[in-house]
Amino acid sequence: MKNIFLIKVHSFIDVITNSSTELFVGNISKSLEEIKEICNDLIAVYNKTNNYNISFKDVFDEPYIIDENNIEDFLETIEGYNDHLPSHFDIEQKLNLKFKYPYYDHKEYNDKLEKIVDEKYQEEYNAIKPILKEKYLGNTVLKGTTDNSIPYIIIEFLEEIFGYGSRIHLG
């Protein structure tokens, strides 16, 4: 006898296995409490229509406003996902550096390359940092707790609240 497994597919997106976290950032007029209340309302509707029981903490990290105390953490989070912010990988490619593998068999050589990449990264980061600080300081951030934690229908609604271009797809 053959075993047959049927998988109920909600949409084509259910077939895609790419995991990623979504982050929304924008200079919006809503308070953190209002954002959380809106998200809780969206989650309640989602739960009711899909017979789920997810909570805010299952879907989102606590929203926050970018300030001088957390700007470095924010910029680190979006490294590699923002066209203006350099990534170590992009610098490695730009400088056409080739690490040798197995990595630890060539540790001294690879350490030298890493130092070159780190120095170039810091140089580019320091050049762009004032522009990014001006762009992001005072903005509100709402991030998914884990990969794919935000239901797609809620993602679409949040893009409306935060504005076009507010969504940063991390991964």
# chains A, B, ... in the order shown; residues from 1 in each chain; ligands from 1
call {"tool": "residues_around", "arguments": {"residues": "segment 60-68 of chain A", "least_positions_apart": "4", "cutoff": "9 Å", "atoms": "only C-alpha atoms", "output": "ChimeraX atom specification"}}
result
/A:32-33,35-36,39,55-56,72,74,133,136-146,149-150
call {"tool": "write_last_selection", "arguments": {"atoms": "N, CA and C atoms", "output": "CSV table (one decimal), in the first residue's frame"}}
result
chain,number,residue,atom,x,y,z
A,32,LEU,N,4.1,54.3,19.7
A,32,LEU,CA,4.4,52.8,19.8
A,32,LEU,C,3.2,52.1,20.3
A,33,GLU,N,2.5,52.7,21.2
A,33,GLU,CA,1.3,52.0,21.8
A,33,GLU,C,0.2,51.8,20.7
A,35,ILE,N,0.7,51.6,17.4
A,35,ILE,CA,1.2,50.6,16.5
A,35,ILE,C,0.9,49.2,17.1
A,36,LYS,N,1.2,49.0,18.3
A,36,LYS,CA,1.0,47.7,19.0
A,36,LYS,C,-0.5,47.4,19.0
A,39,CYS,N,-1.5,46.4,15.5
A,39,CYS,CA,-1.0,45.0,15.3
A,39,CYS,C,-1.8,44.0,16.0
A,55,SER,N,-0.1,35.4,19.2
A,55,SER,CA,-0.1,36.6,19.9
A,55,SER,C,0.9,37.6,19.3
A,56,PHE,N,0.9,38.8,19.8
A,56,PHE,CA,1.8,39.8,19.4
A,56,PHE,C,3.2,39.3,19.5
A,72,GLU,N,23.3,52.1,16.2
A,72,GLU,CA,24.3,51.2,15.8
A,72,GLU,C,23.7,49.8,15.6
A,74,PHE,N,20.6,49.0,15.1
A,74,PHE,CA,19.7,49.1,13.9
A,74,PHE,C,20.5,48.9,12.6
A,133,LYS,N,22.3,58.1,9.7
A,133,LYS,CA,21.8,58.6,11.0
A,133,LYS,C,20.7,59.6,10.8
A,136,TYR,N,17.5,57.8,9.5
A,136,TYR,CA,16.8,56.9,10.4
A,136,TYR,C,16.5,57.4,11.8
A,137,LEU,N,17.3,58.3,12.3
A,137,LEU,CA,17.0,58.7,13.7
A,137,LEU,C,15.6,59.3,13.8
A,138,GLY,N,14.9,58.8,14.8
A,138,GLY,CA,13.5,59.3,15.1
A,138,GLY,C,12.5,58.4,14.4
A,139,ASN,N,12.9,57.5,13.5
A,139,ASN,CA,12.0,56.6,12.9
A,139,ASN,C,11.5,55.5,13.8
A,140,THR,N,10.3,54.9,13.5
A,140,THR,CA,9.8,53.8,14.3
A,140,THR,C,10.1,52.5,13.6
A,141,VAL,N,10.5,51.5,14.3
A,141,VAL,CA,10.8,50.2,13.8
A,141,VAL,C,9.9,49.1,14.4
A,142,LEU,N,9.4,48.3,13.5
A,142,LEU,CA,8.6,47.1,13.9
A,142,LEU,C,9.2,45.9,13.1
A,143,LYS,N,9.6,44.9,13.8
A,143,LYS,CA,10.4,43.8,13.2
A,143,LYS,C,9.7,42.5,13.6
A,144,GLY,N,9.7,41.5,12.7
A,144,GLY,CA,9.1,40.2,13.0
A,144,GLY,C,10.0,39.5,14.0
A,145,THR,N,9.4,38.7,14.8
A,145,THR,CA,10.2,38.0,15.9
A,145,THR,C,11.2,37.0,15.3
A,146,THR,N,10.7,36.3,14.3
A,146,THR,CA,11.6,35.2,13.6
A,146,THR,C,11.3,35.2,12.1
A,149,SER,N,7.5,35.1,10.6
A,149,SER,CA,6.5,35.2,11.7
A,149,SER,C,5.4,36.1,11.4
A,150,ILE,N,5.5,37.0,10.5
A,150,ILE,CA,4.4,37.9,10.2
A,150,ILE,C,3.6,37.3,9.0
call {"tool": "closest_residue", "arguments": {"among": "A:Asn82, A:Leu170, A:Pro102, A:Asn47", "to": "Asn148 of chain A", "atoms": "only C-alpha atoms"}}
result
A:Leu170
call {"tool": "residues_around", "arguments": {"residues": "Asp118 of chain A", "least_positions_apart": "2", "cutoff": "12 Å", "atoms": "only C-alpha atoms", "output": "short mmCIF file (atom, residue, chain, number, x, y, z; two decimals) with N, CA and C atoms, in the first residue's frame"}}
result
data_model
loop_
_atom_site.label_atom_id
_atom_site.label_comp_id
_atom_site.auth_asym_id
_atom_site.auth_seq_id
_atom_site.Cartn_x
_atom_site.Cartn_y
_atom_site.Cartn_z
N PRO A 86 27.34 49.46 3.42
CA PRO A 86 28.23 48.42 2.90
C PRO A 86 28.05 47.11 3.66
N SER A 87 28.38 46.01 3.00
CA SER A 87 28.43 44.72 3.68
C SER A 87 29.83 44.15 3.49
N HIS A 88 30.23 43.33 4.41
CA HIS A 88 31.55 42.71 4.32
C HIS A 88 31.67 41.90 3.02
N PHE A 89 30.61 41.21 2.65
CA PHE A 89 30.64 40.40 1.44
C PHE A 89 30.83 41.28 0.20
N ASP A 90 30.09 42.40 0.13
CA ASP A 90 30.21 43.30 -1.03
C ASP A 90 31.63 43.85 -1.14
N ILE A 91 32.22 44.20 -0.03
CA ILE A 91 33.59 44.73 -0.04
C ILE A 91 34.57 43.64 -0.49
N GLU A 92 34.38 42.44 -0.02
CA GLU A 92 35.22 41.32 -0.43
C GLU A 92 35.14 41.14 -1.96
N LEU A 95 36.81 44.21 -3.85
CA LEU A 95 38.27 44.16 -3.80
C LEU A 95 38.83 42.90 -4.47
N ASP A 111 43.20 35.57 7.70
CA ASP A 111 43.12 36.63 8.71
C ASP A 111 43.56 37.97 8.13
N LYS A 112 44.59 37.95 7.29
CA LYS A 112 45.05 39.19 6.65
C LYS A 112 43.96 39.75 5.73
N LEU A 113 43.30 38.87 4.98
CA LEU A 113 42.22 39.33 4.10
C LEU A 113 41.06 39.89 4.91
N GLU A 114 40.73 39.22 5.99
CA GLU A 114 39.64 39.71 6.85
C GLU A 114 39.96 41.09 7.40
N LYS A 115 41.20 41.31 7.76
CA LYS A 115 41.61 42.62 8.28
C LYS A 115 41.45 43.69 7.19
N ILE A 116 41.82 43.38 5.97
CA ILE A 116 41.66 44.32 4.85
C ILE A 116 40.18 44.64 4.65
N LYS A 120 38.32 48.34 5.21
CA LYS A 120 37.58 48.98 4.11
C LYS A 120 36.11 49.16 4.50
N TYR A 121 35.55 48.16 5.17
CA TYR A 121 34.17 48.26 5.65
C TYR A 121 34.02 49.46 6.58
N GLN A 122 34.92 49.57 7.56
CA GLN A 122 34.86 50.66 8.53
C GLN A 122 34.99 52.01 7.83
N GLU A 123 35.85 52.09 6.84
CA GLU A 123 36.03 53.33 6.09
C GLU A 123 34.73 53.72 5.36
N GLU A 124 34.12 52.77 4.67
CA GLU A 124 32.88 53.04 3.94
C GLU A 124 31.72 53.31 4.91
N TYR A 125 31.68 52.55 6.00
CA TYR A 125 30.63 52.73 7.01
C TYR A 125 30.71 54.12 7.63
N ASN A 126 31.91 54.55 7.99
CA ASN A 126 32.09 55.87 8.60
C ASN A 126 31.71 56.99 7.64
#
call {"tool": "residues_around", "arguments": {"residues": "Ile154 of chain A", "least_positions_apart": "5", "cutoff": "9 Å", "atoms": "only C-alpha atoms", "output": "JSON, numbers by chain"}}
result
{"A": [39, 42, 43, 46, 159]}
call {"tool": "select_by_dssp", "arguments": {"residues": "segment 23-124 of chain A", "states": "strand (DSSP E or B)", "output": "list in words"}}
result
Leu23, Phe24, Val25, Gly26, Phe60, Tyr64 and Ile65 of chain A
call {"tool": "closest_residue", "arguments": {"among": "A:Leu85, A:Leu23, A:Ile168, A:Ile153", "to": "Ala127 of chain A", "atoms": "only C-alpha atoms"}}
result
A:Leu85
call {"tool": "select_by_dssp", "arguments": {"residues": "chain A", "states": "alpha helix (DSSP H)", "output": "CSV table (one decimal) with N, CA and C atoms, in the first residue's frame"}}
result
chain,number,residue,atom,x,y,z
A,32,LEU,N,4.1,54.3,19.7
A,32,LEU,CA,4.4,52.8,19.8
A,32,LEU,C,3.2,52.1,20.3
A,33,GLU,N,2.5,52.7,21.2
A,33,GLU,CA,1.3,52.0,21.8
A,33,GLU,C,0.2,51.8,20.7
A,34,GLU,N,0.0,52.9,19.8
A,34,GLU,CA,-1.0,52.8,18.7
A,34,GLU,C,-0.6,51.7,17.7
A,35,ILE,N,0.7,51.6,17.4
A,35,ILE,CA,1.2,50.6,16.5
A,35,ILE,C,0.9,49.2,17.1
A,36,LYS,N,1.2,49.0,18.3
A,36,LYS,CA,1.0,47.7,19.0
A,36,LYS,C,-0.5,47.4,19.0
A,37,GLU,N,-1.3,48.4,19.3
A,37,GLU,CA,-2.8,48.2,19.3
A,37,GLU,C,-3.3,47.8,17.9
A,38,ILE,N,-2.8,48.5,16.9
A,38,ILE,CA,-3.2,48.1,15.5
A,38,ILE,C,-2.8,46.7,15.2
A,39,CYS,N,-1.5,46.4,15.5
A,39,CYS,CA,-1.0,45.0,15.3
A,39,CYS,C,-1.8,44.0,16.0
A,40,ASN,N,-2.2,44.2,17.2
A,40,ASN,CA,-3.0,43.3,18.0
A,40,ASN,C,-4.4,43.1,17.3
A,41,ASP,N,-4.9,44.2,16.8
A,41,ASP,CA,-6.2,44.1,16.1
A,41,ASP,C,-6.1,43.3,14.8
A,42,LEU,N,-5.0,43.5,14.1
A,42,LEU,CA,-4.8,42.7,12.9
A,42,LEU,C,-4.6,41.2,13.2
A,43,ILE,N,-3.9,40.9,14.2
A,43,ILE,CA,-3.6,39.6,14.7
A,43,ILE,C,-5.0,38.9,15.1
A,44,ALA,N,-5.8,39.7,15.8
A,44,ALA,CA,-7.1,39.1,16.2
A,44,ALA,C,-8.0,38.7,15.0
A,45,VAL,N,-8.0,39.6,14.0
A,45,VAL,CA,-8.8,39.3,12.8
A,45,VAL,C,-8.2,38.1,12.1
A,46,TYR,N,-6.8,38.0,12.0
A,46,TYR,CA,-6.2,36.9,11.4
A,46,TYR,C,-6.5,35.6,12.1
A,47,ASN,N,-6.4,35.7,13.4
A,47,ASN,CA,-6.7,34.5,14.3
A,47,ASN,C,-8.1,34.0,14.0
A,48,LYS,N,-9.1,35.0,14.0
A,48,LYS,CA,-10.5,34.6,13.9
A,48,LYS,C,-10.8,34.0,12.5
A,49,THR,N,-10.2,34.5,11.5
A,49,THR,CA,-10.5,34.0,10.1
A,49,THR,C,-9.7,32.8,9.8
A,50,ASN,N,-8.7,32.4,10.6
A,50,ASN,CA,-7.9,31.2,10.3
A,50,ASN,C,-7.9,30.2,11.4
A,56,PHE,N,0.9,38.8,19.8
A,56,PHE,CA,1.8,39.8,19.4
A,56,PHE,C,3.2,39.3,19.5
A,57,LYS,N,3.6,38.7,20.6
A,57,LYS,CA,4.9,38.2,20.9
A,57,LYS,C,5.3,37.1,19.9
A,58,ASP,N,4.3,36.4,19.4
A,58,ASP,CA,4.6,35.3,18.4
A,58,ASP,C,5.0,35.9,17.0
A,59,VAL,N,4.5,37.1,16.8
A,59,VAL,CA,4.6,37.7,15.5
A,59,VAL,C,5.7,38.8,15.4
A,71,ILE,N,20.9,53.2,17.4
A,71,ILE,CA,21.2,53.4,16.0
A,71,ILE,C,22.2,52.4,15.4
A,72,GLU,N,23.3,52.1,16.2
A,72,GLU,CA,24.3,51.2,15.8
A,72,GLU,C,23.7,49.8,15.6
A,73,ASP,N,22.9,49.4,16.6
A,73,ASP,CA,22.3,48.1,16.5
A,73,ASP,C,21.4,48.0,15.3
A,74,PHE,N,20.6,49.0,15.1
A,74,PHE,CA,19.7,49.1,13.9
A,74,PHE,C,20.5,48.9,12.6
A,75,LEU,N,21.6,49.7,12.5
A,75,LEU,CA,22.4,49.7,11.2
A,75,LEU,C,23.0,48.3,11.1
A,76,GLU,N,23.4,47.7,12.2
A,76,GLU,CA,24.0,46.4,12.1
A,76,GLU,C,22.9,45.4,11.6
A,77,THR,N,21.7,45.5,12.0
A,77,THR,CA,20.6,44.7,11.6
A,77,THR,C,20.4,44.8,10.1
A,78,ILE,N,20.4,46.0,9.5
A,78,ILE,CA,20.1,46.1,8.1
A,78,ILE,C,21.4,46.0,7.2
A,88,HIS,N,30.2,43.3,4.4
A,88,HIS,CA,31.6,42.7,4.3
A,88,HIS,C,31.7,41.9,3.0
A,89,PHE,N,30.6,41.2,2.7
A,89,PHE,CA,30.6,40.4,1.4
A,89,PHE,C,30.8,41.3,0.2
A,90,ASP,N,30.1,42.4,0.1
A,90,ASP,CA,30.2,43.3,-1.0
A,90,ASP,C,31.6,43.9,-1.1
A,91,ILE,N,32.2,44.2,0.0
A,91,ILE,CA,33.6,44.7,0.0
A,91,ILE,C,34.6,43.6,-0.5
A,92,GLU,N,34.4,42.4,0.0
A,92,GLU,CA,35.2,41.3,-0.4
A,92,GLU,C,35.1,41.1,-2.0
A,93,GLN,N,33.9,41.2,-2.5
A,93,GLN,CA,33.7,41.1,-3.9
A,93,GLN,C,34.4,42.3,-4.7
A,94,LYS,N,34.1,43.5,-4.2
A,94,LYS,CA,34.6,44.7,-4.8
A,94,LYS,C,36.2,44.7,-4.9
A,107,LYS,N,44.8,29.9,7.8
A,107,LYS,CA,44.3,30.9,8.7
A,107,LYS,C,45.1,32.2,8.7
A,108,GLU,N,46.4,32.2,8.6
A,108,GLU,CA,47.2,33.4,8.6
A,108,GLU,C,46.8,34.3,7.4
A,109,TYR,N,46.8,33.6,6.2
A,109,TYR,CA,46.4,34.3,5.0
A,109,TYR,C,45.0,34.9,5.1
A,110,ASN,N,44.1,34.1,5.5
A,110,ASN,CA,42.7,34.5,5.6
A,110,ASN,C,42.5,35.6,6.6
A,111,ASP,N,43.2,35.6,7.7
A,111,ASP,CA,43.1,36.6,8.7
A,111,ASP,C,43.6,38.0,8.1
A,112,LYS,N,44.6,37.9,7.3
A,112,LYS,CA,45.0,39.2,6.6
A,112,LYS,C,44.0,39.8,5.7
A,113,LEU,N,43.3,38.9,5.0
A,113,LEU,CA,42.2,39.3,4.1
A,113,LEU,C,41.1,39.9,4.9
A,114,GLU,N,40.7,39.2,6.0
A,114,GLU,CA,39.6,39.7,6.9
A,114,GLU,C,40.0,41.1,7.4
A,115,LYS,N,41.2,41.3,7.8
A,115,LYS,CA,41.6,42.6,8.3
A,115,LYS,C,41.4,43.7,7.2
A,116,ILE,N,41.8,43.4,6.0
A,116,ILE,CA,41.7,44.3,4.9
A,116,ILE,C,40.2,44.6,4.6
A,117,VAL,N,39.3,43.6,4.6
A,117,VAL,CA,37.9,43.8,4.5
A,117,VAL,C,37.3,44.6,5.6
A,118,ASP,N,37.7,44.3,6.8
A,118,ASP,CA,37.2,45.1,8.0
A,118,ASP,C,37.6,46.5,7.9
A,119,GLU,N,38.8,46.8,7.5
A,119,GLU,CA,39.3,48.2,7.4
A,119,GLU,C,38.5,49.0,6.4
A,120,LYS,N,38.3,48.3,5.2
A,120,LYS,CA,37.6,49.0,4.1
A,120,LYS,C,36.1,49.2,4.5
A,121,TYR,N,35.6,48.2,5.2
A,121,TYR,CA,34.2,48.3,5.6
A,121,TYR,C,34.0,49.5,6.6
A,122,GLN,N,34.9,49.6,7.6
A,122,GLN,CA,34.9,50.7,8.5
A,122,GLN,C,35.0,52.0,7.8
A,123,GLU,N,35.9,52.1,6.8
A,123,GLU,CA,36.0,53.3,6.1
A,123,GLU,C,34.7,53.7,5.4
A,124,GLU,N,34.1,52.8,4.7
A,124,GLU,CA,32.9,53.0,3.9
A,124,GLU,C,31.7,53.3,4.9
A,125,TYR,N,31.7,52.5,6.0
A,125,TYR,CA,30.6,52.7,7.0
A,125,TYR,C,30.7,54.1,7.6
A,126,ASN,N,31.9,54.6,8.0
A,126,ASN,CA,32.1,55.9,8.6
A,126,ASN,C,31.7,57.0,7.6
A,127,ALA,N,31.9,56.8,6.3
A,127,ALA,CA,31.5,57.8,5.3
A,127,ALA,C,30.0,57.9,5.2
A,128,ILE,N,29.3,56.8,5.3
A,128,ILE,CA,27.9,56.8,5.0
A,128,ILE,C,27.1,57.0,6.3
A,129,LYS,N,27.7,56.7,7.5
A,129,LYS,CA,27.0,56.7,8.8
A,129,LYS,C,26.2,58.0,9.1
A,130,PRO,N,26.8,59.2,8.8
A,130,PRO,CA,26.1,60.5,9.1
A,130,PRO,C,24.8,60.6,8.3
A,131,ILE,N,24.9,60.1,7.0
A,131,ILE,CA,23.7,60.2,6.2
A,131,ILE,C,22.6,59.2,6.7
A,132,LEU,N,23.0,58.0,7.0
A,132,LEU,CA,22.1,57.1,7.5
A,132,LEU,C,21.5,57.5,8.9
A,133,LYS,N,22.3,58.1,9.7
A,133,LYS,CA,21.8,58.6,11.0
A,133,LYS,C,20.7,59.6,10.8
A,134,GLU,N,21.0,60.5,9.9
A,134,GLU,CA,20.0,61.6,9.6
A,134,GLU,C,18.7,61.0,9.0
A,135,LYS,N,18.9,59.9,8.2
A,135,LYS,CA,17.7,59.3,7.5
A,135,LYS,C,16.9,58.5,8.6
A,136,TYR,N,17.5,57.8,9.5
A,136,TYR,CA,16.8,56.9,10.4
A,136,TYR,C,16.5,57.4,11.8
A,152,TYR,N,1.4,37.1,5.8
A,152,TYR,CA,1.6,38.0,4.6
A,152,TYR,C,0.5,39.1,4.5
A,153,ILE,N,-0.7,38.7,4.9
A,153,ILE,CA,-1.8,39.7,4.8
A,153,ILE,C,-1.5,40.9,5.8
A,154,ILE,N,-0.9,40.6,6.9
A,154,ILE,CA,-0.5,41.6,7.8
A,154,ILE,C,0.6,42.5,7.3
A,155,ILE,N,1.6,41.8,6.6
A,155,ILE,CA,2.7,42.5,6.0
A,155,ILE,C,2.1,43.6,5.0
A,156,GLU,N,1.2,43.2,4.2
A,156,GLU,CA,0.6,44.2,3.2
A,156,GLU,C,0.0,45.4,4.0
A,157,PHE,N,-0.7,45.1,5.0
A,157,PHE,CA,-1.4,46.2,5.8
A,157,PHE,C,-0.3,47.1,6.4
A,158,LEU,N,0.7,46.5,7.0
A,158,LEU,CA,1.8,47.3,7.6
A,158,LEU,C,2.5,48.2,6.6
A,159,GLU,N,2.7,47.7,5.4
A,159,GLU,CA,3.3,48.6,4.3
A,159,GLU,C,2.4,49.8,4.1
A,160,GLU,N,1.1,49.7,4.2
A,160,GLU,CA,0.2,50.9,4.1
A,160,GLU,C,0.4,51.8,5.3
A,161,ILE,N,0.6,51.3,6.5
A,161,ILE,CA,0.7,52.1,7.7
A,161,ILE,C,2.1,52.8,7.6
A,162,PHE,N,3.2,52.1,7.3
A,162,PHE,CA,4.5,52.6,7.4
A,162,PHE,C,4.9,53.4,6.1
call {"tool": "atom_distance", "arguments": {"atom1": "atom CA of Glu79 of chain A", "atom2": "atom CA of Ser31 of chain A"}}
result
26.3 Å
